[in-house]
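Here's input37.cif, which has mmCIF, C-alpha atoms and all ligand atoms:
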```cif
data_data
#
loop_
_atom_site.label_atom_id
_atom_site.label_comp_id
_atom_site.auth_asym_id
_atom_site.auth_seq_id
_atom_site.Cartn_x
_atom_site.Cartn_y
_atom_site.Cartn_z
CA MET A 1 163.21 58.22 96.17
CA ALA A 2 161.19 61.41 96.02
CA GLY A 3 162.32 61.88 92.45
CA PHE A 4 161.23 58.40 91.59
CA ILE A 5 157.81 58.89 93.09
CA LEU A 6 157.38 62.18 91.27
CA ALA A 7 158.37 60.55 88.02
CA CYS A 8 155.83 57.81 88.61
CA GLU A 9 153.16 60.32 89.41
CA THR A 10 153.90 62.31 86.30
CA PHE A 11 153.80 59.17 84.25
CA ALA A 12 150.48 58.14 85.72
CA ILE A 13 148.93 61.53 85.14
CA VAL A 14 150.19 61.58 81.58
CA LEU A 15 148.85 58.10 80.95
CA LEU A 16 145.55 58.91 82.47
CA THR A 17 144.97 62.22 80.79
CA SER A 18 146.30 61.26 77.41
CA GLN A 19 144.05 58.21 77.26
CA LEU A 20 141.03 60.14 78.36
CA THR A 21 141.71 63.06 76.10
CA ASN A 22 142.80 61.05 73.05
CA CYS A 23 139.41 59.57 72.95
CA LEU A 24 137.76 62.94 72.79
CA THR A 25 139.75 64.49 69.98
CA ALA A 26 138.72 63.16 66.62
CA HIS A 27 135.03 63.81 66.24
CA GLY A 28 134.73 66.36 68.98
CA GLN A 29 135.06 69.46 66.95
CA GLU A 30 132.14 69.10 64.61
CA ARG A 31 129.96 67.76 67.37
CA MET A 32 130.65 70.72 69.65
CA GLY A 33 128.11 73.50 69.64
CA GLY A 34 124.86 73.63 67.78
CA ASN A 35 123.40 71.01 70.05
CA ASN A 36 119.72 70.56 70.21
CA ASN A 37 119.73 67.18 71.83
CA TYR A 38 116.97 67.10 74.37
CA PRO A 39 116.35 63.72 76.00
CA PRO A 40 114.04 61.30 74.14
CA LEU A 41 110.31 62.14 74.23
CA TRP A 42 111.12 65.42 75.98
CA ASP A 43 107.89 67.11 74.88
CA ASP A 44 105.83 64.36 76.52
CA VAL A 45 107.67 64.62 79.85
CA PRO A 46 105.79 66.37 82.68
CA ASP A 47 107.47 69.59 83.80
CA SER A 48 105.50 70.31 86.96
CA LEU A 49 103.76 68.43 89.74
CA GLY A 50 100.43 69.46 88.22
CA GLU A 51 101.11 67.16 85.27
CA PHE A 52 101.41 64.07 87.43
CA ASP A 53 98.27 62.24 88.56
CA THR A 54 96.82 63.35 91.84
CA ILE A 55 94.63 60.65 93.39
CA HIS A 56 92.89 61.05 96.75
CA ASN A 57 94.91 64.19 97.47
CA LYS A 58 98.20 62.43 96.76
CA THR A 59 100.39 63.31 93.81
CA VAL A 60 101.75 60.01 92.59
CA ILE A 61 105.12 59.61 90.86
CA ASN A 62 106.15 56.29 89.38
CA PRO A 63 109.95 56.32 88.99
CA TRP A 64 109.74 53.02 87.08
CA ASN A 65 108.18 54.75 84.11
CA TYR A 66 110.59 56.67 81.87
CA LEU A 67 108.33 59.71 81.39
CA GLU A 68 107.68 60.03 85.11
CA ARG A 69 111.29 59.56 86.22
CA MET A 70 112.34 62.06 83.57
CA GLY A 71 109.44 64.22 84.79
CA MET A 72 111.15 64.60 88.16
CA TYR A 73 114.21 65.98 86.34
CA LYS A 74 112.17 68.29 84.10
CA THR A 75 110.31 69.59 87.14
CA LEU A 76 113.61 70.22 88.94
CA LEU A 77 115.06 72.01 85.91
CA SER A 78 112.01 74.20 85.84
CA VAL A 79 111.88 75.14 89.53
CA THR A 80 115.63 75.83 89.69
CA ALA A 81 115.84 77.83 86.43
CA LYS A 82 115.57 81.22 88.10
CA TYR A 83 118.70 80.62 90.15
CA MET A 84 120.80 79.72 87.12
CA SER A 85 119.70 82.09 84.42
CA ASN A 86 123.07 83.81 84.34
CA PHE A 87 124.89 80.52 83.61
CA GLY A 88 123.46 80.39 80.05
CA PRO A 89 120.42 81.28 77.93
CA SER A 90 117.16 79.28 77.97
CA ASN A 91 118.20 77.36 81.08
CA THR A 92 121.00 75.61 79.08
CA GLY A 93 123.42 76.56 81.87
CA ASN A 94 121.38 74.75 84.53
CA VAL A 95 123.77 72.59 86.51
CA LEU A 96 121.25 69.75 86.64
CA TRP A 97 121.28 69.02 82.88
CA GLY A 98 123.92 66.30 83.16
CA LEU A 99 121.50 64.05 85.02
CA PRO A 100 118.51 63.99 82.62
CA LEU A 101 120.79 63.85 79.59
CA GLN A 102 122.58 60.81 81.00
CA HIS A 103 119.22 59.23 81.75
CA GLY A 104 118.14 59.91 78.15
CA TRP A 105 121.27 58.17 76.91
CA GLN A 106 120.48 55.18 79.15
CA PHE A 107 116.96 55.02 77.73
CA ASN A 108 118.08 55.43 74.12
CA THR A 109 120.70 52.70 74.36
CA GLY A 110 118.41 50.10 75.93
CA ARG A 111 120.13 50.23 79.30
CA LEU A 112 116.90 50.66 81.27
CA ALA A 113 115.20 47.57 79.84
CA ASP A 114 114.90 44.24 81.64
CA PRO A 115 118.35 42.70 81.09
CA SER A 116 117.12 39.27 82.20
CA LYS A 117 114.66 39.36 79.25
CA VAL A 118 112.05 37.69 81.44
CA SER A 119 109.61 40.54 80.91
CA SER A 120 108.98 42.94 78.05
CA CYS A 121 109.82 45.88 80.35
CA GLY A 122 111.68 48.47 78.29
CA GLN A 123 111.46 46.48 75.05
CA LYS A 124 110.42 48.57 72.06
CA ALA A 125 107.80 46.02 71.05
CA GLY A 126 106.66 45.40 74.61
CA ASP A 127 106.40 48.07 77.25
CA PRO A 128 108.81 50.72 75.90
CA LEU A 129 108.43 53.27 78.73
CA CYS A 130 108.93 50.73 81.50
CA ILE A 131 112.13 51.05 83.54
CA SER A 132 113.28 47.69 84.84
CA THR A 133 114.15 47.18 88.49
CA ARG A 134 116.65 44.56 87.30
CA SER A 135 118.68 47.00 85.25
CA TRP A 136 121.95 48.03 86.92
CA TRP A 137 121.78 51.41 85.17
CA SER A 138 118.22 52.11 86.29
CA CYS A 139 119.14 51.16 89.86
CA MET A 140 122.16 53.48 89.86
CA ASN A 141 120.16 56.26 88.25
CA TYR A 142 117.43 55.99 90.89
CA TYR A 143 119.93 57.41 93.36
CA LEU A 144 120.57 60.29 90.98
CA ALA A 145 116.90 60.98 90.19
CA THR A 146 114.46 60.16 92.96
CA VAL A 147 116.92 60.97 95.74
CA PRO A 148 117.77 64.46 94.39
CA PHE A 149 114.08 65.06 93.80
CA LEU A 150 113.32 64.19 97.43
CA GLY A 151 116.18 66.48 98.46
CA ALA A 152 114.46 69.34 96.64
CA VAL A 153 111.17 68.44 98.33
CA GLU A 154 112.91 68.50 101.68
CA ALA A 155 114.59 71.82 100.90
CA GLY A 156 111.12 73.29 100.41
CA PHE A 157 110.98 73.68 96.64
CA PHE A 158 107.39 72.40 96.57
CA GLU A 159 106.13 73.73 99.87
CA ASP A 160 103.24 75.51 98.15
CA TRP A 161 102.03 72.28 96.54
CA PRO A 162 98.82 71.37 98.38
CA PHE A 163 99.08 67.59 98.07
CA GLU A 164 101.30 64.94 99.55
CA ILE A 165 103.90 63.63 97.09
CA LYS A 166 104.00 59.86 96.90
CA VAL A 167 106.78 57.95 95.15
CA LEU A 168 105.59 54.49 94.09
CA GLN A 169 107.53 51.42 95.20
CA PRO A 170 108.68 48.84 92.66
CA GLU A 171 107.37 45.27 92.78
CA GLU A 172 110.72 43.76 93.62
CA TYR A 173 113.97 44.84 95.29
CA MET A 174 111.91 47.16 97.49
CA ASP A 175 114.59 47.48 100.15
CA ASN A 176 117.23 48.60 97.65
CA PHE A 177 115.53 51.98 97.36
CA CYS A 178 113.96 54.75 99.40
CA TYR A 179 110.66 56.55 98.78
CA THR A 180 110.55 59.56 101.09
CA ALA A 181 113.23 61.90 102.38
CA ALA A 182 112.88 60.20 105.77
CA ASP A 183 113.38 56.74 104.21
CA CYS A 184 116.43 57.93 102.34
CA ARG A 185 117.92 59.37 105.49
CA VAL A 186 117.65 55.95 107.10
CA LEU A 187 119.18 54.28 104.05
CA ASN A 188 122.09 56.70 103.86
CA PRO A 189 122.09 59.83 106.07
CA ALA A 190 125.06 61.50 104.37
CA MET A 191 123.55 61.05 100.93
CA MET A 192 120.23 62.63 101.82
CA ALA A 193 121.87 65.47 103.73
CA THR A 194 124.16 66.29 100.81
CA TRP A 195 121.31 66.56 98.32
CA THR A 196 119.13 68.59 100.66
CA THR A 197 122.05 70.93 101.33
CA PHE A 198 122.61 71.35 97.61
CA PHE A 199 119.01 72.45 97.06
CA GLN A 200 119.02 74.66 100.14
CA LEU A 201 122.13 76.33 98.76
CA LEU A 202 120.29 77.09 95.50
CA LYS A 203 117.45 78.68 97.42
CA ILE A 204 119.77 81.17 99.05
CA THR A 205 121.49 81.89 95.74
CA LYS A 206 120.72 85.22 94.21
CA GLU A 207 117.93 85.20 91.64
CA TYR A 208 119.06 86.79 88.43
CA SER A 209 116.55 88.90 86.62
CA GLN A 210 118.71 89.70 83.67
CA MET A 211 121.19 87.67 81.77
CA GLU A 212 124.77 88.34 82.48
CA ILE A 213 127.05 85.60 81.20
CA LEU A 214 130.28 85.50 83.10
CA PRO A 215 133.37 84.53 81.13
CA MET A 216 134.88 82.75 84.11
CA MET A 217 133.20 80.51 86.58
CA SER A 218 132.24 82.77 89.50
CA SER A 219 132.96 81.52 92.99
CA GLU A 220 129.22 81.24 93.50
CA GLU A 221 128.83 79.00 90.46
CA ASP A 222 131.92 77.02 91.47
CA ASN A 223 130.35 76.46 94.89
CA ILE A 224 127.14 75.18 93.31
CA TRP A 225 129.09 72.75 91.12
CA HIS A 226 131.08 71.67 94.17
CA HIS A 227 127.93 70.77 96.09
CA LEU A 228 126.27 69.12 93.11
CA TRP A 229 129.28 66.92 92.36
CA MET A 230 129.70 66.06 96.02
CA ALA A 231 126.08 64.88 96.14
CA HIS A 232 126.54 63.03 92.85
CA VAL A 233 129.54 61.10 94.17
CA VAL A 234 127.84 60.28 97.49
CA SER A 235 124.83 58.93 95.58
CA ILE A 236 127.03 56.75 93.37
CA GLU A 237 128.88 55.38 96.37
CA ALA A 238 125.58 54.63 98.13
CA ALA A 239 124.10 53.03 95.02
CA LEU A 240 127.02 50.78 94.04
CA PRO A 241 126.53 48.14 96.78
CA LYS A 242 122.72 48.27 96.46
CA CYS A 243 122.80 47.72 92.71
CA SER A 244 125.70 45.30 92.40
CA GLU A 245 123.54 42.13 92.27
CA ARG A 246 122.23 43.33 88.93
CA LEU A 247 125.67 43.20 87.33
CA THR A 248 125.10 39.47 86.88
CA TYR A 249 122.29 40.16 84.40
CA ILE A 250 124.57 41.99 81.98
CA SER A 251 127.58 40.89 79.95
CA ALA A 252 131.05 41.09 81.51
CA PRO A 253 132.17 43.95 79.22
CA GLU A 254 129.01 45.94 79.99
CA ALA A 255 129.44 45.37 83.73
CA GLN A 256 133.08 46.46 83.48
CA PHE A 257 132.08 49.56 81.54
CA GLY A 258 129.41 50.45 84.10
CA VAL A 259 131.70 50.13 87.08
CA SER A 260 134.57 51.96 85.39
CA TRP A 261 132.23 54.75 84.31
CA ALA A 262 131.11 55.17 87.93
CA ASN A 263 134.81 55.35 88.89
CA ALA A 264 135.56 57.96 86.20
CA VAL A 265 132.73 60.14 87.45
CA GLU A 266 134.69 60.59 90.70
CA PHE A 267 137.61 62.02 88.70
CA ILE A 268 135.35 64.24 86.63
CA ALA A 269 133.59 65.44 89.80
CA LEU A 270 136.87 66.74 91.23
CA THR A 271 137.24 69.19 88.34
CA HIS A 272 133.76 70.62 89.08
CA PHE A 273 133.14 69.91 85.43
CA PRO A 274 130.17 71.97 84.18
CA THR A 275 127.87 69.26 82.87
CA ASN A 276 125.36 71.75 81.53
CA PHE A 277 123.23 71.13 78.44
CA ASN A 278 125.90 71.74 75.79
CA GLN A 279 128.84 70.15 77.57
CA THR A 280 126.98 66.98 78.47
CA ASN A 281 125.66 66.55 74.95
CA SER A 282 129.16 67.03 73.55
CA PHE A 283 130.68 64.44 75.82
CA GLN A 284 128.13 61.72 75.94
CA VAL A 285 128.22 61.00 72.20
CA PHE A 286 131.46 59.19 73.02
CA LEU A 287 129.77 56.78 75.40
CA PRO A 288 128.80 53.45 73.79
CA GLN A 289 125.54 53.89 71.92
CA ARG A 290 124.46 50.31 72.59
CA MET A 291 124.90 47.83 75.42
CA LEU A 292 128.11 45.82 75.24
CA LEU A 293 127.89 42.12 74.45
CA ALA A 294 129.89 39.21 75.79
CA GLY A 295 132.35 39.12 72.86
CA ASP A 296 132.98 42.87 72.72
CA GLN A 297 136.60 43.84 73.20
CA ALA A 298 137.60 47.49 72.99
CA PRO A 299 139.41 49.01 71.12
CA SER A 300 138.19 46.76 68.33
CA ILE A 301 134.41 46.67 68.55
CA PRO A 302 133.55 47.04 64.86
CA ASP A 303 130.16 48.73 65.06
CA LEU A 304 131.20 51.31 67.67
CA SER A 305 133.04 54.46 66.61
CA LYS A 306 136.77 54.84 67.13
CA GLU A 307 136.05 57.34 69.91
CA GLU A 308 133.61 55.04 71.70
CA ASN A 309 136.23 52.30 71.58
CA ARG A 310 138.91 54.61 72.95
CA VAL A 311 136.67 55.82 75.75
CA LEU A 312 136.15 52.21 76.83
CA VAL A 313 139.91 51.58 76.86
CA GLY A 314 140.54 54.85 78.71
CA LEU A 315 137.92 54.15 81.37
CA ASP A 316 139.32 50.67 81.85
CA ILE A 317 142.88 51.95 82.32
CA LEU A 318 141.69 54.57 84.77
CA TYR A 319 139.69 52.03 86.77
CA LYS A 320 142.42 49.39 86.85
CA GLY A 321 145.13 51.97 87.46
CA ASN A 322 143.26 53.27 90.45
CA GLN A 323 142.47 49.77 91.76
CA LEU A 324 146.03 48.48 91.35
CA THR A 325 147.44 51.46 93.21
CA GLY A 326 144.87 51.21 95.99
CA GLY A 327 143.17 54.47 95.09
CA TRP A 328 146.42 56.39 94.77
CA LEU A 329 145.59 57.74 91.32
CA LEU A 330 142.46 59.37 92.65
CA LYS A 331 144.47 60.86 95.51
CA VAL A 332 146.95 62.44 93.10
CA TRP A 333 144.10 63.79 91.04
CA ARG A 334 142.34 65.04 94.17
CA ARG A 335 145.41 66.98 95.26
CA THR A 336 145.89 68.45 91.78
CA MET A 337 142.24 69.54 91.74
CA CYS A 338 142.24 70.98 95.24
CA SER A 339 142.90 74.52 94.04
CA GLU A 340 140.68 76.49 91.69
CA LYS A 341 143.69 76.82 89.39
CA GLY A 342 144.08 73.04 89.29
CA ARG A 343 140.39 72.50 88.58
CA ALA A 344 140.41 75.13 85.85
CA LEU A 345 143.40 73.35 84.29
CA GLY A 346 141.66 69.98 84.64
CA ARG A 347 138.49 71.25 82.98
CA ASN A 348 140.51 73.06 80.40
CA LEU A 349 142.34 69.88 79.52
CA LEU A 350 139.09 67.97 79.07
CA GLU A 351 137.53 70.76 77.02
CA ASN A 352 140.56 71.70 74.95
CA ALA A 353 141.31 68.11 74.14
CA VAL A 354 138.17 68.16 72.05
CA ALA A 355 138.89 71.28 70.06
CA ASN A 356 142.63 71.57 70.32
CA PRO A 357 144.63 68.38 70.90
CA ASP A 358 147.92 70.28 70.43
CA LEU A 359 147.44 71.70 73.90
CA ILE A 360 147.33 68.31 75.65
CA SER A 361 150.99 68.06 76.58
CA SER A 362 151.26 71.61 77.88
CA GLY A 363 148.02 70.98 79.77
CA ILE A 364 149.52 67.96 81.47
CA TYR A 365 152.65 69.90 82.30
CA ASN A 366 150.57 72.66 83.91
CA LEU A 367 148.60 70.09 85.90
CA PHE A 368 151.85 68.61 87.14
CA VAL A 369 153.07 72.03 88.29
CA GLU A 370 149.79 72.50 90.12
CA PHE A 371 150.10 69.08 91.71
CA ILE A 372 153.49 70.07 93.13
CA LYS A 373 152.19 73.43 94.33
CA ASN A 374 149.22 71.83 96.08
CA HIS A 375 151.35 70.00 98.67
CA HIS A 376 149.47 71.88 101.39
CA CYS A 377 146.19 70.26 100.39
CA THR A 378 145.58 67.69 103.03
CA THR A 379 141.87 68.19 103.53
CA ILE A 380 139.47 66.05 101.61
CA ASN A 381 138.19 68.19 98.80
CA ILE A 382 135.84 67.50 95.99
C1 LIG B 1 91.18 66.26 99.83
O1 LIG B 1 91.46 67.43 100.57
C2 LIG B 1 90.35 68.32 100.68
C3 LIG B 1 90.82 69.61 101.35
O2 LIG B 1 91.59 69.33 102.47
C4 LIG B 1 89.22 67.61 101.45
O3 LIG B 1 88.10 68.45 101.55
C5 LIG B 1 88.86 66.33 100.69
O4 LIG B 1 87.89 65.61 101.44
C6 LIG B 1 90.07 65.46 100.46
N1 LIG B 1 89.70 64.35 99.59
C7 LIG B 1 90.05 63.08 99.84
C8 LIG B 1 89.60 62.06 98.83
O5 LIG B 1 90.68 62.75 100.83
C1 LIG B 2 124.72 76.30 74.42
O1 LIG B 2 124.78 76.40 73.01
C2 LIG B 2 123.91 77.37 72.47
C3 LIG B 2 123.97 77.22 70.95
O2 LIG B 2 125.28 77.17 70.49
C4 LIG B 2 124.33 78.75 72.96
O3 LIG B 2 123.48 79.74 72.45
C5 LIG B 2 124.27 78.77 74.48
O4 LIG B 2 124.79 79.99 74.98
C6 LIG B 2 125.09 77.61 75.07
N1 LIG B 2 124.85 77.54 76.51
C7 LIG B 2 125.82 77.53 77.42
C8 LIG B 2 125.42 77.41 78.84
O5 LIG B 2 127.00 77.61 77.14
#
```

Translate this structure into structure tokens?
Amino acid sequence: MAGFILACETFAIVLLTSQLTNCLTAHGQERMGGNNNYPPLWDDVPDSLGEFDTIHNKTVINPWNYLERMGMYKTLLSVTAKYMSNFGPSNTGNVLWGLPLQHGWQFNTGRLADPSKVSSCGQKAGDPLCISTRSWWSCMNYYLATVPFLGAVEAGFFEDWPFEIKVLQPEEYMDNFCYTAADCRVLNPAMMATWTTFFQLLKITKEYSQMEILPMMSSEEDNIWHHLWMAHVVSIEAALPKCSERLTYISAPEAQFGVSWANAVEFIALTHFPTNFNQTNSFQVFLPQRMLLAGDQAPSIPDLSKEENRVLVGLDILYKGNQLTGGWLLKVWRRTMCSEKGRALGRNLLENAVANPDLISSGIYNLFVEFIKNHHCTTINI
């Protein structure tokens, strides 16, 4: 019986990793490195509170405008830079990069526009910078943009700013979102606490005056990734039920992609994957560069690349595999990733798959060994 279960587990891990890694192999190599892919309109995005409007002693942020929502990210990147200068040059190692780059991809691919097409919000010919409250992606991203920003406010990152910071409410779906740290705590106490803790942790992290790139992830850096990914996952779990109504505005394949992408993020989170500037840019070229339409069926969507098609199939298998087994796949992955060795192997597999597909099978074997060794891991670990 035990042998059978082990065999099944091995099979599942192989299936999972080979699908996910297959999709990253072909074009990965030439797209790795040499990235200069800042989010759209980056130079126009505010990078400090001083660049937002201050009216009647209140600094006003409108998260339903692309430049202003992105402005919260750019401001965060700027105020946290000094804590992460040894993770890479020119702030490219900042652990927050994954968030604005994903948001840029959402903007570029039309995912923030009004999917009900009732308004011209987000349409190139209409109001291109508008972020629609009806977009599932914009709703999910709110929990990964405004909420972290409020966490940083609460952790004291802007305590020298003389004005009150006011986040504008949208015109509809007001109770799906929160606008102050106190609001967000009411909406979801664990979520707010996790983000605030993450930013507090940064504040007690050593400031690095000179660059010193470490070849391996230090335990300090690992701890920062751990807290960031934990907050990321809590936000996604809080957002999913609040945003789900909006899935009806988008096509079935797009809705399936969205939900399975949110599921995959939980797996990626467990590896403490370093979604810094370069890594995120390398990976997100494989995400579909347009919204999926009703007739789209991966792996044979003609105008998407082979890799984009494979990613869609891989995400779908991962999602369904995890659903069908009642979350068992994630549990196996969680146990494998519960040691630093396991996480290093998990990250290595994802990274190497891009540059060196020959290493996939030995990578899976090593993961399996780690899974067996980690039998003592009973605590919930991200
Ligand atoms: C803004 O704050 C300053 C300093 O506290 C105060 O003198 C001024 O009256 C305030 N202005 C408004 C419009 O509330
Ligand atoms: C990102 O890529 C650039 C250009 O290749 C490189 O100089 C920089 O060190 C990389 N940053 C990180 C964090 O790896």

For the contact check between chain A and ligand LIG 1 (chain B), emit one row per residue of chain A within 12 Å, containing the shortest atom pair and the distance in Å rounded to one decimal, counting only C-alpha atoms and all ligand atoms, chain then rising number order, as a Markdown table.
```
| residue | atom | partner | partner_atom | distance |
| --- | --- | --- | --- | --- |
| A:Thr54 | CA | B:LIG1 | C8 | 10.1 |
| A:Ile55 | CA | B:LIG1 | C8 | 7.5 |
| A:His56 | CA | B:LIG1 | C8 | 4.0 |
| A:Asn57 | CA | B:LIG1 | C1 | 4.9 |
| A:Lys58 | CA | B:LIG1 | O5 | 8.6 |
| A:Thr59 | CA | B:LIG1 | C1 | 11.4 |
| A:Pro162 | CA | B:LIG1 | O2 | 8.6 |
| A:Phe163 | CA | B:LIG1 | O1 | 8.0 |
| A:Glu164 | CA | B:LIG1 | O1 | 10.2 |
```

Any chance you could export the current selection's C-alpha atoms as a tab-separated table (two decimals), keeping the file's coordinate frame?
```
chain	number	residue	atom	x	y	z
A	54	THR	CA	96.82	63.35	91.84
A	55	ILE	CA	94.63	60.65	93.39
A	56	HIS	CA	92.89	61.05	96.75
A	57	ASN	CA	94.91	64.19	97.47
A	58	LYS	CA	98.20	62.43	96.76
A	59	THR	CA	100.39	63.31	93.81
A	162	PRO	CA	98.82	71.37	98.38
A	163	PHE	CA	99.08	67.59	98.07
A	164	GLU	CA	101.30	64.94	99.55
```

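Checking A:Ala182, A:Met84, A:Ile372, A:Leu304 one by one against ligand LIG 2 (chain B), counting all atoms listed in the file, you find the shortest gap at A:Met84.
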
Checklist entry - If we count all atoms listed in the file, what is near Glu237 in chain A at a cut-off of 10 Å, once residues fewer than 2 positions away on the same chain are taken out, given as a PyMOL selection string? => result chain A and resi 140+143+191+231-235+239-242+262-263+266

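If all atoms listed in the file are the atoms counted, then among A:Gln102, A:Gln279, A:Ser120, A:Thr75 the closest residue to ligand LIG 2 (chain B) is A:Gln279.
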
Would you mind listing, for every residue of range 67-109 of chain A within 12 Å of range 145-160 of chain A, the two atoms forming the shortest contact and the distance between them in Å to one decimal, using only C-alpha atoms, sorted by chain and ascending residue number, as CSV?
```
residue,atom,partner,partner_atom,distance
A:Glu68,CA,A:Thr146,CA,10.4
A:Arg69,CA,A:Ala145,CA,7.0
A:Met70,CA,A:Ala145,CA,8.1
A:Gly71,CA,A:Ala145,CA,9.8
A:Met72,CA,A:Phe149,CA,6.4
A:Tyr73,CA,A:Ala145,CA,6.9
A:Lys74,CA,A:Phe149,CA,10.4
A:Thr75,CA,A:Phe149,CA,8.9
A:Leu76,CA,A:Phe149,CA,7.1
A:Leu77,CA,A:Phe149,CA,10.6
A:Ser78,CA,A:Phe157,CA,10.9
A:Val79,CA,A:Phe157,CA,7.3
A:Thr80,CA,A:Phe157,CA,8.6
A:Leu96,CA,A:Pro148,CA,10.0
A:Trp97,CA,A:Ala145,CA,11.7
A:Gly98,CA,A:Ala145,CA,11.3
A:Leu99,CA,A:Ala145,CA,7.6
A:Pro100,CA,A:Ala145,CA,8.3
A:Leu101,CA,A:Ala145,CA,11.7
A:Gln102,CA,A:Ala145,CA,10.8
A:His103,CA,A:Ala145,CA,8.9
```

Next on the checklist: Residues within 9 Å of Asn366 in chain A, please, as an NGL selection string. Count all atoms listed in the file; anything in the same chain fewer than 5 positions from it doesn't count.
Outcome noted: :A and (342 or 345 or 361 or 371)

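Candidate residues A:Phe257, A:Trp136, A:Tyr365, A:Tyr179 were compared for distance to Val60 in chain A, and the nearest is A:Tyr179, using all atoms listed in the file.
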
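In terms of minimum interatomic distance to ligand LIG 2 (chain B), A:Phe87 ranks closest within A:Phe87, A:Trp261, A:Trp105, A:Phe286, counting only C-alpha atoms and all ligand atoms.
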
Surrounding residues of Met217 in chain A excluding itself and chain neighbours under 5 positions, 12 Å, all atoms listed in the file, as a CSV table (one decimal) with C-alpha atoms, in the frame of the given file:
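Dumped everything to around_7.csv:
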```csv
chain,number,residue,atom,x,y,z
A,86,ASN,CA,123.1,83.8,84.3
A,87,PHE,CA,124.9,80.5,83.6
A,88,GLY,CA,123.5,80.4,80.0
A,93,GLY,CA,123.4,76.6,81.9
A,222,ASP,CA,131.9,77.0,91.5
A,223,ASN,CA,130.4,76.5,94.9
A,224,ILE,CA,127.1,75.2,93.3
A,225,TRP,CA,129.1,72.8,91.1
A,226,HIS,CA,131.1,71.7,94.2
A,272,HIS,CA,133.8,70.6,89.1
A,273,PHE,CA,133.1,69.9,85.4
A,274,PRO,CA,130.2,72.0,84.2
A,340,GLU,CA,140.7,76.5,91.7
A,341,LYS,CA,143.7,76.8,89.4
A,343,ARG,CA,140.4,72.5,88.6
A,344,ALA,CA,140.4,75.1,85.8
A,347,ARG,CA,138.5,71.2,83.0
```

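Checking A:Ser305, A:Thr275, A:Pro253, A:Thr133 one by one against ligand LIG 2 (chain B), counting all atoms listed in the file, you find the shortest gap at A:Thr275.
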
Item to check | Of the listed residues A:Ser85, A:Ser300, A:Ser119, A:Gln289, that which approaches ligand LIG 2 (chain B) most closely, counting only C-alpha atoms and all ligand atoms | outcome: A:Ser85

Checklist entry - Can you tell me, as JSON, numbers by chain, what residues are no more than 10 Å from Glu308 in chain A when counting only C-alpha atoms, ignoring any on the same chain fewer than 3 positions away? => result {"A": [23, 24, 284, 285, 286, 287, 288, 289, 298, 299, 301, 303, 304, 305, 311, 312, 313, 314]}
